[in-house]
Amino acid sequence: MGKPKFNIIDLLIIVVVIAVIAAGVYIISSKKEGASSKDNKVTVEFVIEETNVDSSRKESYETLAKKGDIITFGEKEKITGTLKKVEAEPAKMVFDDPKTGKRSWVEKIGVYDMKFVFEAELDETETDFLAGSSKVKVGKTLVFSGKGYAGSGIVIKVEKKGADANDK
């Protein structure tokens, strides 16, 4: 038996192992940096809009959701906040008039757009507000639940509260 030879496959295996280790170190170190920058808690007011809510669900929200309710956010980590107000307005859609060819906004009958205004203590990073690991920013879908109700919608407004609110 002779001495085993070193070939190109062995070299590729070594390179892949080194790349995997480097990627792991990078991911772990970036999470640690993110954790240190998340120590900055700020009060944030944000609005979640749930669209195309039918009239029975709207009535349920109006009955159960009360100002001052403690709300939880997120799917994995449960972050709490306070419900400030709930607003409902008829849902609208674009209507193409076949006779004139013009477009206009028309109300959808029996369907509503609900806006929920929340306030919560969130972690602030250089670029985002975080509810646990979930980003709270315009355009993100966020789930929430209160006593007897739950919903999901798109964040349409985010505003930092407090003395240094102009920093963001």
# chains A, B, ... in the order shown; residues from 1 in each chain; ligands from 1
>>> select_by_dssp(residues="range 4-111 of chain A", states="strand (DSSP E)", output="ChimeraX atom specification")
/A:41-54,70-73,79-96,103-111
>>> residues_around(residues="range 75-90 of chain A", least_positions_apart="5", cutoff="8 Å", atoms="only C-alpha atoms", output="ChimeraX atom specification")
/A:58,62,65-70,107-121,131-133,143
>>> closest_residue(among="A:Thr125, A:Ser29, A:Thr141, A:Ser56", to="Ile156 in chain A", atoms="only C-alpha atoms")
A:Thr141
>>> atom_distance(atom1="CA of Glu49 in chain A", atom2="CA of Asp96 in chain A")
25.0 Å
>>> atom_distance(atom1="CA of Leu122 in chain A", atom2="CA of Val44 in chain A")
6.7 Å
>>> atom_distance(atom1="CA of Ile48 in chain A", atom2="CA of Ile154 in chain A")
5.3 Å
